[in-house]
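Below: one structure, written as structure tokens.
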Amino acid sequence: MSDNKVRVRFAPSPTGPLHMGGVRTALFNYLFARKHGGDFLLRIEDTDQTRYVPGAEDYIAEALKWCGITIDEGATVGGEYGPYRQSERKPLYREYAEKLIASGDAYYAFDTAEELDAIRNQYEAEKKTFTYNPETRGNLNNSLALSAEEVQAKIEAGEAYVVRFKMPVNEELHLNDEIRKHVVFNSSALDDKVLFKSDGMPTYHLANVVDDYLMKISHVIRGEEWLPSMPLHVLLYRKLGWEADMPKFAHLPLILKPVGKGKLSKRDGDKLGFPVFPLLWTDPKTQDISSGYREDGYFPEAFVNMLAFLGWNPGTEQEIFSMEELSQAFSLERVGKSGSKFDPDKTKWFNRQYLMSKSDDEIGQLFNREVLAKKGIEADQNKASRVCGMVKDRVDFISELWEHVNFFFEAPKEFDAKTAKKAWKEDAPELMQELKTILSDISDFSSANTEAIVKEWITAKEIGFGKVMNPFRLAMVGAGKGPHMFDIIELLGKEETLSRIDYACENL
Ligand code: GLU
């Protein structure tokens, strides 16, 4: 690049929700930009109008925002190299297609879809595969095979055409990828890709290269599925005379399914038991819903931390990284070549680490907002925080807290039958009434105080602790679970504790 500034772009096509692999690509670009004090661009590649899905672009912007990936320049924020939506750049691509035709590096092709289908079928019948390439192009309906007059006549008659790249014959291409290093392609294995379509729109290849050049992109960091396009892209830079300004390429390893082989794809949806999308997505046509990490209760920090480790590692034992730390630590040198298996359990583990690192107050607030408020329960913030603090080490998600603490907010109406059988013996009602009398006399209802008094009483009675504590827990919780009993009753308060004892005695 002329001015050497790091400028990278995330260039999704708005053809549906963004897959987590796409978010990983965006993240690595973003981290690379941050690390080098560069710019991170969002470019919307919407040249294929047949695949356009309404809502997809907003989804992409929202997903990046949720992850904390901020855009310096791009479709949603503007910038001096705009517009950043390829459909809005439509008029500027034709010039480059024409330039390639003029230099003899591209040509007009008039073959209709029917003609090409017929040829394909003919090849298939002979058990061969048809490719539009240096071998076949001389016999097809294009400006290389037709005379200049015929071509002129067709164009004047308004016949539809596409512009194809004229792939050089048998040229060995030695290219460099920042991750894979030296890669070799032979042009004979490549086809004459369409660069410009009959609808006046460029294809992905032309638009992508032209825009990377015009937007002064320094590094193209994208998924491995684009590696096969790299030779064509490099040839386009060369033929357009832009090789000196060509960005460096880095193709990120695939994200694989947790078990077995194969790329984790959009189509996996929820079939594998975990979301493949950052946010919930409702298909605008079918109304089918695919789950998302956000709605499933993941913290964006945990999701991002997990994604960073899909293909990259810091080379140390450290696993928990904030976005800031990732921006410092990230480098393409530490991105691997081989695919990395997605691990849903590890993703939960990350979430748990972030949950545990939050203060009781933060967790309590989240719990209040995300769980209690939705259930219409109004709880004291302090109580919510204390309750959550007692059980936070037992859960991976805020939503899971409820099953551990529900009895703090709703008195048990039913009792777990199994526990009741073991805990509620014949003498239980009598013991509970005695306990009630003792508790009603206590004015300092703090955990330590009630514990001391109740234990003294049990010791004096010379009965096992379980005799009292088991039915007591059943009466307070409705089951045999929960944190320390006296912590529970401190939070419930005296009045509620006594009334639960009565309810249990009447109903068990
Ligand atoms: N529009 C392409 C995509 O959807 C961009 C590939 C690239 O980054 O060059 O992934």
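Residue numbering restarts at 1 in every chain; chains get A, B, ... in the order shown in the structure tokens, and ligands count up from 1 in that same order.
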Exercise. Got a sec: who's within 12 Å of segment 182-184 of chain A, counting only C-alpha atoms, leaving out chain neighbours fewer than 4 positions off, as JSON, numbers by chain?
Worked result: {"A": [171, 172, 173, 174, 175, 176, 177, 178, 189, 227, 228, 230, 231, 249, 250, 251]}
For this session: Could you please extract the residues within 7 Å of ligand 1, counting only C-alpha atoms and all ligand atoms, and hand them back as a PyMOL selection string?
Result: chain A and resi 10-13+45+204+208+220-222+226
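Nearest to Arg24 of chain A of all the residues A:Asn382, A:Ser290, A:Asn305, A:Asn368 is A:Asn305, counting only C-alpha atoms.
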Problem set entry | Two-atom distance - atom CA of Asp72 of chain A, atom CA of Glu88 of chain A (Å) | 19.3 Å
Problem set entry | Counting only C-alpha atoms, the option among A:Cys505, A:Leu498, A:Leu232, A:Ile155 closest to Ala109 of chain A | A:Ile155
